[in-house]
>>> print(open('data-v4.cif').read())   # mmCIF, C-alpha atoms and all ligand atoms
data_model
#
loop_
_atom_site.label_atom_id
_atom_site.label_comp_id
_atom_site.auth_asym_id
_atom_site.auth_seq_id
_atom_site.Cartn_x
_atom_site.Cartn_y
_atom_site.Cartn_z
CA MET A 1 9.94 -9.99 -10.94
CA ARG A 2 8.76 -8.72 -14.32
CA ILE A 3 5.31 -7.17 -14.56
CA GLN A 4 3.31 -6.38 -17.67
CA PRO A 5 0.63 -3.69 -17.87
CA ALA A 6 -2.90 -4.89 -17.11
CA ARG A 7 -6.24 -3.95 -18.65
CA ARG A 8 -8.30 -4.64 -15.54
CA VAL A 9 -8.68 -6.94 -12.53
CA ARG A 10 -11.76 -9.07 -12.04
CA GLY A 11 -12.84 -11.83 -9.71
CA GLU A 12 -13.09 -12.79 -6.07
CA LEU A 13 -10.23 -13.17 -3.63
CA ARG A 14 -9.49 -14.03 -0.06
CA VAL A 15 -6.33 -12.60 1.44
CA PRO A 16 -4.44 -14.44 4.22
CA GLY A 17 -5.09 -13.74 7.88
CA ASP A 18 -4.25 -10.36 9.36
CA LYS A 19 -0.64 -10.03 10.40
CA SER A 20 -1.21 -7.75 13.40
CA ILE A 21 -3.97 -9.95 14.81
CA SER A 22 -2.04 -13.18 14.17
CA HIS A 23 0.98 -11.96 16.17
CA ARG A 24 -1.27 -11.01 19.06
CA ALA A 25 -3.30 -14.22 18.93
CA ALA A 26 -0.11 -16.30 19.11
CA LEU A 27 1.39 -14.28 21.97
CA MET A 28 -1.80 -14.32 24.00
CA ALA A 29 -2.48 -18.00 23.34
CA ALA A 30 1.00 -18.71 24.71
CA LEU A 31 -0.03 -17.05 27.98
CA CYS A 32 -2.97 -19.45 28.48
CA VAL A 33 -1.04 -21.94 30.59
CA ASP A 34 -1.69 -25.65 30.08
CA GLU A 35 -4.62 -25.02 27.79
CA ARG A 36 -4.72 -25.44 24.07
CA VAL A 37 -5.79 -22.53 21.88
CA ARG A 38 -6.61 -23.08 18.23
CA VAL A 39 -6.15 -20.11 15.90
CA GLU A 40 -7.67 -20.42 12.45
CA ASN A 41 -6.68 -18.45 9.36
CA PHE A 42 -3.35 -17.58 10.99
CA ALA A 43 -1.24 -15.29 8.77
CA THR A 44 1.03 -16.98 6.25
CA SER A 45 3.56 -14.15 6.62
CA ALA A 46 7.21 -14.71 7.48
CA ASP A 47 6.78 -12.09 10.24
CA CYS A 48 4.18 -14.18 12.07
CA ALA A 49 6.26 -17.32 11.55
CA ALA A 50 9.05 -15.47 13.40
CA THR A 51 6.70 -14.87 16.33
CA LEU A 52 5.82 -18.59 16.44
CA ALA A 53 9.49 -19.59 16.30
CA CYS A 54 10.31 -17.22 19.19
CA LEU A 55 7.47 -18.69 21.24
CA GLN A 56 8.77 -22.20 20.59
CA GLN A 57 12.16 -21.12 21.87
CA LEU A 58 10.37 -19.91 24.99
CA GLY A 59 9.04 -23.41 25.57
CA VAL A 60 5.59 -22.94 24.05
CA SER A 61 4.19 -25.87 22.09
CA VAL A 62 3.11 -24.81 18.60
CA THR A 63 1.66 -27.10 15.96
CA ARG A 64 0.72 -25.87 12.55
CA ARG A 65 -1.42 -27.40 9.81
CA ALA A 66 -1.80 -25.05 6.85
CA THR A 67 -3.29 -21.89 8.38
CA THR A 68 -4.55 -23.48 11.59
CA ILE A 69 -2.22 -23.34 14.54
CA GLU A 70 -2.57 -24.84 17.98
CA ILE A 71 -0.69 -23.35 20.89
CA THR A 72 -0.28 -24.75 24.38
CA GLY A 73 1.58 -22.58 26.84
CA ALA A 74 3.32 -23.93 29.91
CA GLY A 75 4.66 -20.69 31.30
CA LEU A 76 7.48 -19.05 29.39
CA ARG A 77 10.90 -20.70 29.86
CA VAL A 78 14.36 -19.11 29.59
CA PRO A 79 15.46 -19.52 25.96
CA VAL A 80 18.91 -20.97 25.32
CA THR A 81 19.71 -18.76 22.35
CA PRO A 82 18.74 -15.21 21.32
CA LEU A 83 15.25 -14.91 19.88
CA ASP A 84 15.31 -14.02 16.19
CA CYS A 85 12.46 -11.66 15.29
CA GLY A 86 13.52 -11.61 11.62
CA ASN A 87 12.14 -8.54 9.86
CA SER A 88 9.29 -8.07 12.31
CA GLY A 89 9.07 -4.93 14.44
CA THR A 90 5.79 -6.16 15.91
CA THR A 91 7.43 -9.39 17.12
CA MET A 92 10.28 -7.52 18.78
CA ARG A 93 8.29 -4.73 20.40
CA LEU A 94 5.40 -6.89 21.64
CA LEU A 95 7.68 -9.68 22.87
CA ALA A 96 9.81 -7.14 24.73
CA GLY A 97 6.67 -6.12 26.65
CA LEU A 98 5.70 -9.68 27.39
CA LEU A 99 9.19 -10.74 28.48
CA ALA A 100 9.71 -7.65 30.63
CA GLY A 101 7.28 -9.18 33.11
CA HIS A 102 9.14 -12.48 33.36
CA ALA A 103 12.02 -12.69 35.81
CA PHE A 104 14.70 -13.88 33.40
CA THR A 105 16.97 -12.47 30.73
CA THR A 106 16.29 -12.73 27.01
CA THR A 107 18.06 -11.36 23.95
CA LEU A 108 15.91 -10.21 21.04
CA THR A 109 17.55 -9.79 17.68
CA GLY A 110 16.49 -9.50 14.06
CA ASP A 111 17.59 -8.98 10.49
CA GLU A 112 19.63 -6.04 9.23
CA SER A 113 16.56 -3.86 8.71
CA LEU A 114 15.10 -4.56 12.17
CA ARG A 115 18.47 -3.86 13.78
CA THR A 116 18.31 -0.29 12.41
CA ARG A 117 14.82 0.51 13.72
CA PRO A 118 14.15 2.69 16.79
CA MET A 119 13.58 0.79 20.04
CA ARG A 120 13.79 3.62 22.58
CA ARG A 121 10.03 3.84 22.29
CA VAL A 122 9.73 0.46 24.09
CA ILE A 123 12.88 0.66 26.22
CA GLU A 124 11.63 3.81 28.00
CA PRO A 125 8.21 2.63 29.23
CA LEU A 126 9.57 -0.80 30.18
CA ALA A 127 12.31 0.85 32.25
CA LEU A 128 9.66 2.94 34.02
CA MET A 129 7.92 -0.35 34.84
CA GLY A 130 11.11 -1.70 36.39
CA ALA A 131 12.47 -3.94 33.65
CA GLN A 132 15.92 -3.33 32.31
CA VAL A 133 16.19 -3.29 28.54
CA THR A 134 19.52 -2.51 26.97
CA ALA A 135 20.14 -1.87 23.32
CA HIS A 136 23.22 -2.72 21.32
CA VAL A 137 24.20 0.68 19.96
CA GLY A 138 22.03 3.75 20.63
CA ASP A 139 18.55 2.32 20.84
CA ARG A 140 18.99 -0.41 18.24
CA ALA A 141 18.53 -4.17 18.56
CA PRO A 142 19.78 -6.64 19.69
CA LEU A 143 17.91 -5.87 22.88
CA VAL A 144 18.70 -7.58 26.15
CA VAL A 145 15.57 -7.72 28.30
CA VAL A 146 16.10 -8.33 32.02
CA GLY A 147 12.61 -9.01 33.22
CA ARG A 148 11.09 -8.49 36.63
CA GLN A 149 7.99 -9.98 38.17
CA PRO A 150 5.87 -8.15 39.07
CA LEU A 151 6.49 -4.97 37.11
CA ARG A 152 5.40 -1.56 38.39
CA ALA A 153 2.08 -0.43 36.94
CA ILE A 154 2.42 2.93 35.16
CA SER A 155 0.37 5.51 33.38
CA TYR A 156 2.12 6.18 30.10
CA ALA A 157 1.36 8.81 27.46
CA LEU A 158 2.55 7.53 24.09
CA PRO A 159 5.15 9.92 22.62
CA VAL A 160 4.51 8.46 19.13
CA ALA A 161 1.25 7.15 17.70
CA SER A 162 2.20 3.48 17.70
CA ALA A 163 0.06 0.42 18.26
CA GLN A 164 3.23 -1.59 18.83
CA VAL A 165 4.29 0.60 21.75
CA LYS A 166 0.77 0.66 23.19
CA SER A 167 0.63 -3.15 22.93
CA CYS A 168 4.09 -3.54 24.45
CA VAL A 169 3.01 -1.60 27.55
CA LEU A 170 -0.34 -3.38 27.85
CA LEU A 171 1.28 -6.82 27.55
CA ALA A 172 3.81 -5.81 30.20
CA GLY A 173 0.86 -4.60 32.29
CA LEU A 174 -0.47 -8.16 32.46
CA ASN A 175 2.40 -8.85 34.87
CA ALA A 176 2.31 -5.55 36.76
CA ASP A 177 1.22 -4.90 40.32
CA GLY A 178 -1.78 -2.69 39.64
CA ARG A 179 -3.50 -0.72 36.91
CA THR A 180 -1.41 0.00 33.81
CA GLU A 181 -2.71 2.82 31.66
CA VAL A 182 -1.73 3.96 28.17
CA ILE A 183 -2.77 7.38 26.92
CA GLU A 184 -3.12 7.92 23.18
CA ARG A 185 -3.61 11.28 21.51
CA THR A 186 -4.23 9.64 18.16
CA PRO A 187 -6.08 6.32 18.23
CA THR A 188 -4.08 3.43 16.74
CA ARG A 189 -5.17 -0.09 15.86
CA ASP A 190 -6.86 -1.68 18.87
CA HIS A 191 -6.39 -5.40 18.18
CA THR A 192 -4.52 -5.95 21.46
CA GLU A 193 -7.39 -4.50 23.45
CA ARG A 194 -10.01 -6.51 21.56
CA LEU A 195 -8.13 -9.79 21.75
CA LEU A 196 -7.26 -9.37 25.43
CA ARG A 197 -11.00 -8.96 26.07
CA TRP A 198 -11.64 -12.09 23.97
CA PHE A 199 -9.27 -13.92 26.31
CA GLY A 200 -11.17 -12.65 29.34
CA VAL A 201 -9.03 -9.68 30.45
CA ALA A 202 -11.03 -6.58 31.42
CA VAL A 203 -9.48 -3.84 29.29
CA GLU A 204 -11.07 -0.43 29.70
CA THR A 205 -11.00 2.22 27.01
CA THR A 206 -12.21 5.70 27.93
CA GLN A 207 -12.09 9.11 26.30
CA LYS A 208 -11.10 12.13 28.33
CA GLU A 209 -9.73 15.64 28.01
CA LEU A 210 -6.11 16.25 28.83
CA GLY A 211 -4.46 19.66 28.46
CA GLY A 212 -7.26 20.82 26.16
CA ALA A 213 -7.00 17.83 23.83
CA ASP A 214 -9.23 14.77 23.57
CA VAL A 215 -7.26 11.64 24.41
CA GLN A 216 -8.06 7.99 24.81
CA THR A 217 -6.88 5.94 27.78
CA ILE A 218 -6.61 2.19 27.72
CA SER A 219 -6.05 0.35 30.97
CA LEU A 220 -5.98 -3.06 32.57
CA ALA A 221 -5.36 -4.38 36.07
CA GLY A 222 -2.42 -6.66 36.67
CA PRO A 223 -1.56 -9.31 37.39
CA ALA A 224 -4.07 -10.74 34.92
CA ARG A 225 -4.63 -14.27 33.66
CA LEU A 226 -5.88 -15.11 30.21
CA ALA A 227 -8.63 -17.68 29.67
CA ALA A 228 -8.06 -19.97 26.69
CA ARG A 229 -10.48 -19.48 23.82
CA ASP A 230 -10.17 -20.44 20.16
CA CYS A 231 -10.17 -17.67 17.61
CA ILE A 232 -10.30 -16.97 13.92
CA VAL A 233 -8.26 -14.27 12.23
CA PRO A 234 -9.89 -11.95 9.65
CA GLY A 235 -8.31 -11.37 6.23
CA ASP A 236 -5.63 -8.69 6.30
CA ILE A 237 -7.02 -5.38 5.03
CA SER A 238 -3.47 -4.07 4.59
CA SER A 239 -2.81 -6.94 2.15
CA ALA A 240 -6.19 -6.43 0.46
CA ALA A 241 -5.27 -2.76 0.00
CA PHE A 242 -2.96 -3.50 -2.96
CA PHE A 243 -5.76 -5.29 -4.83
CA LEU A 244 -8.37 -2.68 -3.93
CA VAL A 245 -6.21 0.13 -5.31
CA ALA A 246 -5.32 -1.89 -8.43
CA ALA A 247 -9.03 -2.41 -9.09
CA ALA A 248 -9.83 1.26 -8.50
CA LEU A 249 -7.06 2.31 -10.91
CA LEU A 250 -8.05 0.06 -13.80
CA PRO A 251 -11.38 1.01 -15.43
CA GLY A 252 -13.61 -2.00 -16.06
CA SER A 253 -12.33 -3.80 -12.97
CA ASP A 254 -14.70 -5.51 -10.56
CA LEU A 255 -13.12 -7.19 -7.58
CA ILE A 256 -14.60 -8.67 -4.42
CA MET A 257 -12.37 -9.35 -1.43
CA ARG A 258 -14.04 -11.77 0.97
CA THR A 259 -13.85 -11.83 4.79
CA VAL A 260 -11.59 -8.83 5.17
CA GLY A 261 -10.99 -7.39 8.65
CA LEU A 262 -13.02 -4.20 9.04
CA ASN A 263 -11.86 -3.00 12.44
CA PRO A 264 -12.62 0.77 12.41
CA THR A 265 -9.00 1.51 13.38
CA ARG A 266 -7.91 -0.14 10.11
CA THR A 267 -10.58 0.95 7.59
CA GLN A 268 -9.45 4.51 7.02
CA LEU A 269 -8.22 3.28 3.62
CA LEU A 270 -11.78 2.54 2.50
CA ALA A 271 -13.00 5.98 3.55
CA THR A 272 -9.99 7.64 1.91
CA LEU A 273 -10.46 5.71 -1.35
CA GLY A 274 -14.07 6.90 -1.38
CA THR A 275 -13.14 10.57 -0.95
CA LEU A 276 -10.47 10.18 -3.64
CA GLY A 277 -13.12 9.07 -6.14
CA ALA A 278 -13.01 5.25 -6.00
CA ASP A 279 -16.17 3.11 -6.03
CA VAL A 280 -15.77 0.99 -2.85
CA ARG A 281 -18.57 -0.88 -1.13
CA VAL A 282 -18.64 -2.97 2.00
CA GLU A 283 -21.07 -5.88 2.21
CA ASP A 284 -22.11 -8.55 4.68
CA VAL A 285 -20.41 -7.20 7.83
CA ARG A 286 -20.26 -9.70 10.69
CA GLU A 287 -18.11 -10.39 13.74
CA GLN A 288 -15.34 -12.94 14.33
CA ALA A 289 -13.44 -13.21 17.63
CA ASN A 290 -14.35 -9.66 18.62
CA GLU A 291 -13.30 -8.20 15.24
CA PRO A 292 -15.66 -7.04 12.47
CA VAL A 293 -15.18 -8.65 9.03
CA GLY A 294 -16.96 -8.25 5.73
CA ASP A 295 -16.61 -8.31 1.97
CA VAL A 296 -15.22 -5.34 0.09
CA ARG A 297 -16.11 -4.71 -3.55
CA VAL A 298 -14.34 -2.24 -5.80
CA ARG A 299 -15.40 -1.29 -9.30
CA GLY A 300 -12.74 0.29 -11.47
CA GLY A 301 -12.43 3.93 -12.46
CA LEU A 302 -11.95 7.10 -10.47
CA ALA A 303 -14.38 10.02 -10.13
CA SER A 304 -12.94 13.43 -9.21
CA PRO A 305 -11.57 13.60 -5.67
CA ARG A 306 -13.72 15.54 -3.20
CA ALA A 307 -12.55 19.03 -2.26
CA GLY A 308 -9.60 18.78 0.14
CA ALA A 309 -9.25 15.01 -0.25
CA ASN A 310 -5.88 15.24 -2.02
CA VAL A 311 -4.08 16.12 1.19
CA LEU A 312 -3.65 13.40 3.82
CA ARG A 313 -2.35 14.67 7.14
CA GLY A 314 -3.02 14.81 10.86
CA SER A 315 -5.13 12.23 12.63
CA VAL A 316 -5.93 10.11 9.52
CA ILE A 317 -2.26 9.16 9.09
CA ALA A 318 -2.12 6.60 11.93
CA GLY A 319 -5.08 4.74 10.43
CA LEU A 320 -3.44 4.66 7.00
CA ILE A 321 0.14 4.03 8.07
CA ASP A 322 0.68 0.74 6.22
CA GLU A 323 -1.41 1.87 3.23
CA LEU A 324 0.52 5.05 2.46
CA PRO A 325 2.91 3.41 -0.06
CA ILE A 326 0.02 2.10 -2.17
CA LEU A 327 -1.84 5.41 -1.83
CA CYS A 328 1.26 7.08 -3.32
CA VAL A 329 0.69 4.97 -6.43
CA LEU A 330 -2.96 6.05 -6.55
CA GLY A 331 -1.78 9.65 -6.17
CA THR A 332 -0.05 9.55 -9.56
CA GLN A 333 -3.46 9.05 -11.20
CA LEU A 334 -5.50 11.60 -9.25
CA ALA A 335 -6.59 14.95 -10.64
CA GLY A 336 -4.64 17.22 -8.29
CA GLY A 337 -2.19 14.50 -7.26
CA LEU A 338 -1.71 13.57 -3.62
CA THR A 339 0.13 15.15 -0.69
CA ILE A 340 0.97 13.19 2.45
CA ARG A 341 2.26 14.98 5.58
CA ASP A 342 2.71 14.17 9.29
CA ALA A 343 3.95 10.74 8.23
CA GLY A 344 7.56 10.87 9.47
CA GLU A 345 7.01 7.39 10.93
CA LEU A 346 7.26 6.07 7.36
CA ARG A 347 10.98 6.79 7.50
CA VAL A 348 11.49 4.19 10.26
CA LYS A 349 9.49 1.31 8.82
CA GLU A 350 11.10 -1.78 7.21
CA THR A 351 12.83 0.76 4.98
CA ASP A 352 12.53 4.54 4.62
CA ARG A 353 9.23 4.32 2.76
CA ILE A 354 9.14 8.02 1.82
CA ARG A 355 12.49 7.77 0.07
CA ALA A 356 11.74 4.38 -1.47
CA MET A 357 8.40 5.50 -2.95
CA ALA A 358 9.86 8.78 -4.19
CA LEU A 359 12.67 6.91 -6.00
CA ASN A 360 10.38 4.29 -7.53
CA LEU A 361 7.67 6.72 -8.65
CA ARG A 362 10.26 9.02 -10.21
CA ALA A 363 11.71 6.03 -12.07
CA LEU A 364 8.21 5.46 -13.49
CA GLY A 365 8.07 9.08 -14.67
CA ALA A 366 6.08 10.68 -11.84
CA GLU A 367 6.93 14.04 -10.36
CA VAL A 368 7.51 13.73 -6.61
CA GLU A 369 8.58 16.21 -3.99
CA GLU A 370 9.93 14.73 -0.77
CA TYR A 371 9.56 16.24 2.73
CA GLU A 372 10.92 15.05 6.03
CA ASP A 373 7.39 13.95 7.01
CA GLY A 374 5.85 13.00 3.68
CA LEU A 375 5.70 13.65 -0.02
CA SER A 376 3.77 15.39 -2.78
CA ILE A 377 2.97 13.51 -5.95
CA ALA A 378 1.77 15.29 -9.07
CA GLY A 379 -1.13 13.74 -10.95
CA PRO A 380 -2.46 12.52 -13.20
CA VAL A 381 0.54 11.25 -15.19
CA GLN A 382 1.01 8.31 -17.54
CA LEU A 383 3.60 6.06 -15.90
CA THR A 384 6.20 4.28 -18.00
CA GLY A 385 7.54 0.81 -17.17
CA ALA A 386 10.89 0.96 -15.37
CA ARG A 387 13.37 -0.89 -13.19
CA LEU A 388 12.08 -0.62 -9.65
CA ALA A 389 13.51 -1.68 -6.30
CA ALA A 390 11.77 -3.21 -3.29
CA HIS A 391 14.44 -1.90 -0.86
CA GLY A 392 13.90 -5.10 1.15
CA ASP A 393 10.40 -3.89 2.07
CA HIS A 394 7.34 -6.01 1.34
CA ARG A 395 4.90 -3.11 1.04
CA ILE A 396 7.22 -1.22 -1.32
CA ALA A 397 7.45 -4.34 -3.52
CA MET A 398 3.66 -4.69 -3.69
CA ALA A 399 3.08 -0.98 -4.28
CA CYS A 400 5.59 -1.17 -7.16
CA ALA A 401 3.75 -4.16 -8.61
CA VAL A 402 0.48 -2.21 -8.72
CA ALA A 403 2.25 0.79 -10.25
CA ALA A 404 3.66 -1.54 -12.90
CA LEU A 405 0.13 -2.74 -13.79
CA ILE A 406 -0.91 0.80 -14.76
CA ALA A 407 2.37 1.74 -16.49
CA ARG A 408 3.00 1.64 -20.24
CA GLY A 409 5.48 -1.18 -21.00
CA GLU A 410 7.14 -3.79 -18.83
CA SER A 411 8.56 -3.11 -15.37
CA GLU A 412 11.00 -5.09 -13.31
CA ILE A 413 11.09 -5.13 -9.52
CA ALA A 414 14.41 -6.04 -7.92
CA GLY A 415 14.12 -7.95 -4.64
CA ALA A 416 10.36 -8.57 -4.98
CA ASP A 417 10.55 -11.86 -3.07
CA CYS A 418 10.42 -9.85 0.18
CA VAL A 419 6.62 -9.81 -0.26
CA ALA A 420 6.79 -13.03 1.81
CA VAL A 421 7.33 -10.90 4.91
CA SER A 422 3.59 -10.16 4.96
CA PHE A 423 2.02 -11.80 1.91
CA PRO A 424 3.83 -14.76 0.28
CA GLU A 425 0.89 -15.48 -2.07
CA PHE A 426 0.76 -11.92 -3.43
CA PHE A 427 2.06 -12.50 -6.96
CA THR A 428 0.20 -15.81 -7.39
CA LEU A 429 -3.11 -14.24 -6.33
CA LEU A 430 -2.47 -11.19 -8.48
CA ALA A 431 -2.06 -13.43 -11.53
CA THR A 432 -5.50 -14.97 -10.88
CA VAL A 433 -7.36 -11.64 -11.18
CA VAL A 434 -5.30 -9.66 -13.69
CA GLU A 435 -6.59 -9.47 -17.28
CA SER A 436 -4.22 -8.16 -19.90
C1 LIG B 1 1.56 -2.72 13.80
C2 LIG B 1 1.58 -1.38 14.05
C3 LIG B 1 2.12 -0.40 13.10
C4 LIG B 1 2.18 -0.97 11.69
C5 LIG B 1 2.79 -2.34 11.66
C6 LIG B 1 2.01 -3.29 12.54
C7 LIG B 1 1.04 -3.61 14.85
O1 LIG B 1 3.41 -0.04 13.50
O2 LIG B 1 2.89 -0.11 10.85
O3 LIG B 1 2.81 -2.84 10.34
O4 LIG B 1 0.78 -4.80 14.57
O5 LIG B 1 0.87 -3.14 15.98
P1 LIG B 1 3.69 1.13 14.58
O6 LIG B 1 3.16 0.71 15.89
O7 LIG B 1 5.20 1.27 14.60
O8 LIG B 1 3.00 2.34 14.01
#
>>> encode(input="data-v4.cif", output="structure tokens", more="lines below")
Ligand code: S3P
Amino acid sequence: MRIQPARRVRGELRVPGDKSISHRAALMAALCVDERVRVENFATSADCAATLACLQQLGVSVTRRATTIEITGAGLRVPVTPLDCGNSGTTMRLLAGLLAGHAFTTTLTGDESLRTRPMRRVIEPLALMGAQVTAHVGDRAPLVVVGRQPLRAISYALPVASAQVKSCVLLAGLNADGRTEVIERTPTRDHTERLLRWFGVAVETTQKELGGADVQTISLAGPARLAARDCIVPGDISSAAFFLVAAALLPGSDLIMRTVGLNPTRTQLLATLGTLGADVRVEDVREQANEPVGDVRVRGGLASPRAGANVLRGSVIAGLIDELPILCVLGTQLAGGLTIRDAGELRVKETDRIRAMALNLRALGAEVEEYEDGLSIAGPVQLTGARLAAHGDHRIAMACAVAALIARGESEIAGADCVAVSFPEFFTLLATVVES
């Protein structure tokens, strides 16, 4: 993919449905036995298509017309072949939780990247619940899940801030023999909780003090049945993020993103952009299937960052986890640059995102220092077009594309077609708002 510098971005856009919510909607709809659930604005991402394909292998009926899907569950059936989760960590970790509570054996596999990602984080709690999950080598997929019905209800303190692990345990809890509780020190995205409530499951979230720290506990009583209910998926704020940052970086830009998901566990980006000097406004907030949505407008140009805003660390990191690559690009243009710490999780995403961003930004002429848990980017610097590499990671490809818009001269991104993992329309939509 070759990208030319842009003068500004202008117009109105709608991004496809949220990937995290689409996975969950499909999995939960499949649990509504003998009832049809219609999900509108389902994500167009390859990741969510992998979830649908796995469900079909489990005997779930799925029909799809454009972005509307209809799912009719009939109880999950033993699949004849391993389930292929593709590139999708969410598919593998959430499905492992769901299948752990079914008394049969399933193999979950995925592409080369997914087979290198850590799975101990789901193997451990599922073993405590009485399922047997074995990994191929170390804690890597393929995973063989020997389910058990019912599972033992547990109280589990998350060792890593991960919505996937939280969701894995809660989905397993649907088939447990009592109250399953997850304790989070750092709140992570709560789409599982919200959507379970939408499907009639009483999920309780409470704040308490534990060992001197404020924690959040999320619990539900098993066994629980879901009640079929149609739903509509908000636009994916993590996809919108690339456009919002592009608009902020290019003076004269004016971009409106319509019907974007504004769940407070996902909007840290908007707050962070504001403190870093961007002009971001949220308009017309409303609710859809238990999730807030609204329009987000960004006008181009950056004011000076607020004091202390150039360092992102601690509790904000979980809320920004998927936006950190694009924030690295913004960092190159900030007075005072940008430092990101406490983000070691970036090293175990679809690729090592710390390394990949450091390499790409250096190729563009930025000065980057890498740490085990983050990076420091000097700013502001004029970037120069370069040969960049997606490293097989959709968010790295899109972050590179935005960096290329603000660089001097042409850039080329190797392997950019991996954007399809979350956002197949990315380059087409970008072309509709870019002015050169
Ligand atoms: C996701 C949770 C996050 C995020 C991923 C989607 C989810 O992963 O990075 O893109 O849908 O629950 P972790 O749970 O590993 O932090």
>>> residues_around(input="data-v4.cif", residues="range 100-117 of chain A", least_positions_apart="2", cutoff="8 Å", atoms="only C-alpha atoms", output="PyMOL selection string")
chain A and resi 76+78-79+81-89+92+96-98+119+126+131-132+140-151+172-176+348-351
>>> residues_near_ligand(input="data-v4.cif", ligand="ligand LIG 1 (chain B)", cutoff="9 Å", atoms="only C-alpha atoms and all ligand atoms", output="ChimeraX atom specification")
/A:19-24,88-91,93-94,160-167,188-192,238,318,320-323,345-346,348-350
>>> write_last_selection(input="data-v4.cif", atoms="C-alpha atoms", output="PDB file, in the coordinates of the input")
ATOM      1  CA  LYS A  19      -0.640 -10.030  10.400  1.00  0.00           C
ATOM      2  CA  SER A  20      -1.210  -7.750  13.400  1.00  0.00           C
ATOM      3  CA  ILE A  21      -3.970  -9.950  14.810  1.00  0.00           C
ATOM      4  CA  SER A  22      -2.040 -13.180  14.170  1.00  0.00           C
ATOM      5  CA  HIS A  23       0.980 -11.960  16.170  1.00  0.00           C
ATOM      6  CA  ARG A  24      -1.270 -11.010  19.060  1.00  0.00           C
ATOM      7  CA  SER A  88       9.290  -8.070  12.310  1.00  0.00           C
ATOM      8  CA  GLY A  89       9.070  -4.930  14.440  1.00  0.00           C
ATOM      9  CA  THR A  90       5.790  -6.160  15.910  1.00  0.00           C
ATOM     10  CA  THR A  91       7.430  -9.390  17.120  1.00  0.00           C
ATOM     11  CA  ARG A  93       8.290  -4.730  20.400  1.00  0.00           C
ATOM     12  CA  LEU A  94       5.400  -6.890  21.640  1.00  0.00           C
ATOM     13  CA  VAL A 160       4.510   8.460  19.130  1.00  0.00           C
ATOM     14  CA  ALA A 161       1.250   7.150  17.700  1.00  0.00           C
ATOM     15  CA  SER A 162       2.200   3.480  17.700  1.00  0.00           C
ATOM     16  CA  ALA A 163       0.060   0.420  18.260  1.00  0.00           C
ATOM     17  CA  GLN A 164       3.230  -1.590  18.830  1.00  0.00           C
ATOM     18  CA  VAL A 165       4.290   0.600  21.750  1.00  0.00           C
ATOM     19  CA  LYS A 166       0.770   0.660  23.190  1.00  0.00           C
ATOM     20  CA  SER A 167       0.630  -3.150  22.930  1.00  0.00           C
ATOM     21  CA  THR A 188      -4.080   3.430  16.740  1.00  0.00           C
ATOM     22  CA  ARG A 189      -5.170  -0.090  15.860  1.00  0.00           C
ATOM     23  CA  ASP A 190      -6.860  -1.680  18.870  1.00  0.00           C
ATOM     24  CA  HIS A 191      -6.390  -5.400  18.180  1.00  0.00           C
ATOM     25  CA  THR A 192      -4.520  -5.950  21.460  1.00  0.00           C
ATOM     26  CA  SER A 238      -3.470  -4.070   4.590  1.00  0.00           C
ATOM     27  CA  ALA A 318      -2.120   6.600  11.930  1.00  0.00           C
ATOM     28  CA  LEU A 320      -3.440   4.660   7.000  1.00  0.00           C
ATOM     29  CA  ILE A 321       0.140   4.030   8.070  1.00  0.00           C
ATOM     30  CA  ASP A 322       0.680   0.740   6.220  1.00  0.00           C
ATOM     31  CA  GLU A 323      -1.410   1.870   3.230  1.00  0.00           C
ATOM     32  CA  GLU A 345       7.010   7.390  10.930  1.00  0.00           C
ATOM     33  CA  LEU A 346       7.260   6.070   7.360  1.00  0.00           C
ATOM     34  CA  VAL A 348      11.490   4.190  10.260  1.00  0.00           C
ATOM     35  CA  LYS A 349       9.490   1.310   8.820  1.00  0.00           C
ATOM     36  CA  GLU A 350      11.100  -1.780   7.210  1.00  0.00           C
TER      37      GLU A 350
END
>>> closest_residue(input="data-v4.cif", among="A:Asp393, A:Asp417, A:Glu70, A:Glu410", to="Pro5 in chain A", atoms="all atoms listed in the file")
A:Glu410
>>> residues_around(input="data-v4.cif", residues="range 387-390 of chain A", least_positions_apart="6", cutoff="6 Å", atoms="all atoms listed in the file", output="PyMOL selection string")
chain A and resi 360+396-397+411-416
>>> closest_residue(input="data-v4.cif", among="A:Thr272, A:Thr339, A:Asn263, A:Ser239", to="Ala43 in chain A", atoms="all atoms listed in the file")
A:Ser239
>>> closest_residue(input="data-v4.cif", among="A:Val285, A:Val169, A:Ala403, A:Ala227", to="Val381 in chain A", atoms="all atoms listed in the file")
A:Ala403
